[in-house]
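Here's the structure we're looking at; comments come further down.
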Amino acid sequence: MITKKICLLGGVCVGKTSLARRFVYSNFSDHYQSTIGVKIHKKTLDANGVDVNLMVWDIQGEDRYDKVLVSFLKGISGFLLVVDVTQPESVAVACNLTERVKTFFGNVPYVLVYSKCDLTENPETRTRAQELYNGACSVYDTSSLNGSGVEEAFASLAKATLERHKAA
Amino acid sequence: MSTDELSVQPKSNVTSITSPSKEEVHTDSAAGDLATLRNLMAGPVLERQAAMEKEIEELKSRLSDLDRRSDDCSEVLAQSVNRLHDKGEYLDVELEPEIYSGVQRSFKNQPERMAELMYPILGPAVRKLVASLFQRSQTDPGKPYQVEQLFLIHKETSILLSQAVMNEDAARDADLVSGMLEAIRSFVTDAFSLHEFDGMNSINLGDLTVWVEWGPKAVLAVVIRGFPDDSLREYYADILQQIHRDYAPELESFDGDDSCFAALDIATLSQKQSALSTGKSLLQTWLSMPRICLAATALIMFTLASAVSDNRQWNTMMSRLLVEPGVVVVDTQRNWGRDSLTILVDPLAAPTEHIARRAGIDKSQTNITWHSFQSQDAAIVQRRESLNRLFTESRRAPGMSAPFTKTKIAQ
């Protein structure tokens with residue numbers, strides 16, 4: 001079986017853990033607990049007829065004071081870049097993260113995920129995220145609360161990593 | 001009141017006694033007599049009175065002085081507690097609720113202070129506990145440790161390449177275990193800026209030890225329950241080296257597809273390597289010895305190895321027989337090259353030949369005599385009841401004969 005390591009990257013409190021939880025366990029909790037370090041989940045899904053074992057690394061959010069440990073990203077095949085539609089500031093953190101991944105690991109495929117789409121959106125967010133939008137393999141509007149777009153976003157990333165695998 | 005004052009008072013009294021006298025006859029000798037008389041009559045009384053008044057003053061001051069009262073109590077407190085104890089009244093029982101709530105309050109209000117106070121006793125207590133656990137594991141017959149799981153992990157991606165589980169019950173999701181090992185390593189490397197750090201070598205959790213051997217492309221994690229001998233590490237390092245030799249191209253180009261490692265059986269490899277390591281070390285020892293001693297050493301070692309092996313097999317069989325329900329060891333005799341064993345066996349007990357065979361006992365070298373008996377071991381009694389119940393039910397059912405054999409029930 002093919003196993004791929006993927007990461008959830010984004011600022012603090014953008015909903016990465018909720019996305020992972022919705023994807024792996026199909027549930028949601030509105031009780032916020034900040035992730036310290038990393039949580040690792042595993043889920044097998046079908047991508048274009050191929051079973052892919054996804055090792056999902058839910059890495060603690062990055063803010064001004066706390067930079068993501070680069071070594072957690074070693075060996076990743078792709079990542080979900082999470083931007084909170086209610087927080088336009090989360091776009092700057094996401095830009096910073098993509099730059100850092102590029103510096104250390106080259107061109108790694110990513111899926112841009114707009115989270116918390118069940119809440120009232122700040123229109124500024126999408127305007128600021130235009131550059132991220134252009135660089136992403138695909139873009140999804142998601143809600144961990146009702147599950148919309150979550151499975152699709154992960155499946156899309158799985159396919160992108162497989163295509164890269166075949167190309168190599 | 002001073003003594004001088006006391007002496008004045010009687011004088012006036014005497015004067016008042018003598019004053020009503022109509023004849024004023026005052027002579028020096030008479031006055032002297034009166035004084036003498038006064039001293040004779042009232043002197044002792046007055047002295048006693050003065051002493052009593054002094055004592056009263058002393059008691060008053062003692063009662064009003066808190067320090068002195070505390071001193072007085074401390075003198076009699078121990079004795080009082082002992083007397084209470086003699087009477088069958090226990091102060092500790094009476095004070096227990098107060099002490100308990102006081103201690104509870106102290107822990108709540110001053111946790112750091114309490115931790116500080118407990119630190120000197122906690123250290124030795126924990127060490128004692130660990131020592132007892134260690135001792136328990138060591139005394140487990142023939143089983144000081146057990147290798148439970150082996151994980152071969154790709155170093156860069158932390159993806160599991162191969163896994164061996166000795167005990168299915170103890171198996172955990174190997175993918176998550178390998179991921180977490182890598183995550184811990186990453187954390188330590190980044191958090192403490194250890195650029196030359198290869199990774200942690202072991203993790204200890206109670207009696208569970210995880211040894212991690214690091215290679216350039218892959219990592220071998222060995223999960224062991226118990227307290228293994230450090231010398232065991234060497235051959236796991238050898239296994240990892242061999243994997244690097246045999247699978248160099250696959251490890252180099254690994255991109256998540258573990259099918260190229262399907263043929264890799266690390267459990268078998270570890271067993272082979274164990275045998276190879278033993279053989280290698282023996283060979284090295286032999287070569288380093290003077291040739292004259294070789295023959296003698298070989299003979300001694302062979303004899304010793306056989307004796308040790310026989311002894312281990314015998315001990316294994318005995319330890320199993322002693323705990324086997326429905327089996328009682330009556331007599332054992334160990335002679336050079338010929339052992340004998342006499343046992344009582346309940347017909348519902350597990351077959352003793354199997355136990356002997358599993359322990360590796362050579363039938364031709366061991367004479368086992370057994371006699372049948374009815375055991376009262378709980379497990380056997382239960383089996384007997386089940387058998388009786390099933391037998392009764394099968395007889396009740398039309399057209400059915402008893403389908404269960406002794407062996408089947410016993411197993």
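We label chains A, B, ... in the order they appear in the structure tokens, count residues from 1 in each chain, and number ligands from 1 in the order shown.
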
Compute the chain B side of the contact with chain A at 6 Å, counting only C-alpha atoms, and hand it back as a JSON list (two decimals) with N, CA and C atoms, in the first residue's frame.
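Output saved as selection-v9.json:
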```
[["chain", "number", "residue", "atom", "x", "y", "z"],
["B", 156, "GLU", "N", 13.37, 9.42, 6.72],
["B", 156, "GLU", "CA", 13.00, 10.76, 6.26],
["B", 156, "GLU", "C", 11.50, 11.04, 6.37],
["B", 157, "THR", "N", 10.71, 10.04, 5.98],
["B", 157, "THR", "CA", 9.26, 10.28, 5.95],
["B", 157, "THR", "C", 8.55, 9.80, 7.21],
["B", 186, "SER", "N", 11.99, 14.83, 16.25],
["B", 186, "SER", "CA", 12.00, 16.16, 15.63],
["B", 186, "SER", "C", 11.92, 17.24, 16.69],
["B", 256, "GLY", "N", 6.87, 6.24, -0.38],
["B", 256, "GLY", "CA", 5.58, 5.92, 0.23],
["B", 256, "GLY", "C", 5.03, 4.56, -0.15],
["B", 257, "ASP", "N", 5.56, 3.92, -1.19],
["B", 257, "ASP", "CA", 5.05, 2.62, -1.61],
["B", 257, "ASP", "C", 5.87, 1.53, -0.93]]
```

Among listed residues A:Val139, A:Leu132, A:Val150, A:Ala160, nearest Val93 of chain A (using only C-alpha atoms): A:Leu132

Atom-to-atom span, atom CA of Gly215 of chain B and atom CA of Ser259 of chain B, Å: 20.7 Å

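Take atom CA of Phe79 of chain A and atom CA of Tyr110 of chain A: the distance between them is 4.8 Å.
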
Non-local contacts of Gly11 of chain A (8 Å; only C-alpha atoms; under 2 positions in same chain excluded) as number ranges by chain: A: 9, 13-14, 61-63, 82-83, 90, 93-94

Write out, as an mmCIF file, in the first residue's frame, the residues just selected, with C-alpha atoms.
```
data_model
loop_
_atom_site.group_PDB
_atom_site.id
_atom_site.type_symbol
_atom_site.label_atom_id
_atom_site.label_comp_id
_atom_site.auth_asym_id
_atom_site.auth_seq_id
_atom_site.Cartn_x
_atom_site.Cartn_y
_atom_site.Cartn_z
ATOM 1 C CA LEU A 9 -0.562 24.074 8.146
ATOM 2 C CA CYS A 13 -7.075 28.848 15.784
ATOM 3 C CA VAL A 14 -7.900 28.542 12.079
ATOM 4 C CA GLY A 61 -0.598 26.688 14.617
ATOM 5 C CA GLU A 62 1.960 29.350 13.977
ATOM 6 C CA ASP A 63 1.727 32.849 15.377
ATOM 7 C CA VAL A 82 -5.750 26.354 6.112
ATOM 8 C CA VAL A 83 -7.084 29.917 6.004
ATOM 9 C CA SER A 90 -4.615 34.184 8.800
ATOM 10 C CA VAL A 93 0.629 33.441 8.243
ATOM 11 C CA ALA A 94 -0.319 31.011 5.469
#
```

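By only C-alpha atoms, and with residues fewer than 3 positions from Glu121 of chain A along its chain excluded, the set lying at most 7 Å from it is Val85, Thr86 and Cys117 of chain A.
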
Could the residues in this selection be saved with N, CA and C atoms as a compact mmCIF listing (two decimals), in the first residue's frame?
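out-v2.txt, written as the output of this step:
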```txt
# COMPACT_ATOMS: atom_id res chain seq x y z
N VAL A 85 -11.84 31.91 6.99
CA VAL A 85 -12.54 32.98 6.23
C VAL A 85 -12.98 34.14 7.11
N THR A 86 -13.01 33.94 8.42
CA THR A 86 -13.42 35.02 9.32
C THR A 86 -12.21 35.86 9.79
N CYS A 117 -16.51 28.00 6.88
CA CYS A 117 -17.40 28.62 5.90
C CYS A 117 -18.85 28.67 6.37
```

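Reported to one decimal place, the separation of atom CA of Val223 of chain B from atom CA of Ile239 of chain B is 15.0 Å.
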
Picked from chain A by DSSP as strand (DSSP E or B), as a PyMOL selection string: chain A and resi 2-11+38-47+50-59+62+78-84+110-115+138-141

Write out, as a PDB file, in the first residue's frame, the residues just selected, with C-alpha atoms.
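As a result, selection.pdb now contains:
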```pdb
ATOM      1  CA  ILE A   2       1.111   3.547  -0.642  1.00  0.00           C
ATOM      2  CA  THR A   3       1.524   5.677   2.430  1.00  0.00           C
ATOM      3  CA  LYS A   4       1.834   9.440   2.285  1.00  0.00           C
ATOM      4  CA  LYS A   5       2.696  11.916   4.973  1.00  0.00           C
ATOM      5  CA  ILE A   6       0.677  15.095   4.744  1.00  0.00           C
ATOM      6  CA  CYS A   7       0.433  18.110   7.056  1.00  0.00           C
ATOM      7  CA  LEU A   8      -2.150  20.645   8.085  1.00  0.00           C
ATOM      8  CA  LEU A   9      -0.562  24.074   8.146  1.00  0.00           C
ATOM      9  CA  GLY A  10      -1.997  27.440   9.123  1.00  0.00           C
ATOM     10  CA  GLY A  11      -2.181  30.078  11.821  1.00  0.00           C
ATOM     11  CA  VAL A  38       1.838  17.638  16.791  1.00  0.00           C
ATOM     12  CA  LYS A  39      -0.994  15.124  16.644  1.00  0.00           C
ATOM     13  CA  ILE A  40      -0.780  12.311  14.151  1.00  0.00           C
ATOM     14  CA  HIS A  41      -3.803  10.656  12.587  1.00  0.00           C
ATOM     15  CA  LYS A  42      -4.156   7.954   9.993  1.00  0.00           C
ATOM     16  CA  LYS A  43      -6.832   7.323   7.407  1.00  0.00           C
ATOM     17  CA  THR A  44      -6.952   5.220   4.287  1.00  0.00           C
ATOM     18  CA  LEU A  45      -8.858   6.559   1.309  1.00  0.00           C
ATOM     19  CA  ASP A  46      -9.372   5.717  -2.294  1.00  0.00           C
ATOM     20  CA  ALA A  47      -7.750   8.076  -4.772  1.00  0.00           C
ATOM     21  CA  VAL A  50      -5.681   3.399  -5.505  1.00  0.00           C
ATOM     22  CA  ASP A  51      -5.752   2.932  -1.734  1.00  0.00           C
ATOM     23  CA  VAL A  52      -3.664   5.596  -0.098  1.00  0.00           C
ATOM     24  CA  ASN A  53      -2.748   5.515   3.549  1.00  0.00           C
ATOM     25  CA  LEU A  54      -2.684   9.137   4.675  1.00  0.00           C
ATOM     26  CA  MET A  55      -0.612   9.972   7.729  1.00  0.00           C
ATOM     27  CA  VAL A  56      -2.076  13.312   8.748  1.00  0.00           C
ATOM     28  CA  TRP A  57       0.225  15.466  10.842  1.00  0.00           C
ATOM     29  CA  ASP A  58      -1.792  18.128  12.601  1.00  0.00           C
ATOM     30  CA  ILE A  59       0.913  20.607  13.531  1.00  0.00           C
ATOM     31  CA  GLU A  62       1.960  29.350  13.977  1.00  0.00           C
ATOM     32  CA  GLY A  78       1.779  17.532   0.408  1.00  0.00           C
ATOM     33  CA  PHE A  79      -0.062  19.831   2.799  1.00  0.00           C
ATOM     34  CA  LEU A  80      -3.399  21.444   3.423  1.00  0.00           C
ATOM     35  CA  LEU A  81      -2.973  25.173   3.856  1.00  0.00           C
ATOM     36  CA  VAL A  82      -5.750  26.354   6.112  1.00  0.00           C
ATOM     37  CA  VAL A  83      -7.084  29.917   6.004  1.00  0.00           C
ATOM     38  CA  ASP A  84      -9.929  31.034   8.246  1.00  0.00           C
ATOM     39  CA  TYR A 110      -0.762  22.011  -1.436  1.00  0.00           C
ATOM     40  CA  VAL A 111      -4.519  22.399  -1.300  1.00  0.00           C
ATOM     41  CA  LEU A 112      -5.863  25.739  -0.120  1.00  0.00           C
ATOM     42  CA  VAL A 113      -8.643  25.211   2.382  1.00  0.00           C
ATOM     43  CA  TYR A 114     -10.968  28.005   3.466  1.00  0.00           C
ATOM     44  CA  SER A 115     -12.228  26.923   6.892  1.00  0.00           C
ATOM     45  CA  SER A 138      -7.045  23.089  -5.740  1.00  0.00           C
ATOM     46  CA  VAL A 139      -9.145  25.230  -3.417  1.00  0.00           C
ATOM     47  CA  TYR A 140     -12.003  24.122  -1.165  1.00  0.00           C
ATOM     48  CA  ASP A 141     -14.553  25.882   1.005  1.00  0.00           C
TER      49      ASP A 141
END
```

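Residues in contact with Leu220 of chain B at 6 Å, where only C-alpha atoms are counted and same-chain residues fewer than 4 positions away are skipped, are listed as Phe151, Leu152, Val212 and Glu213 of chain B.
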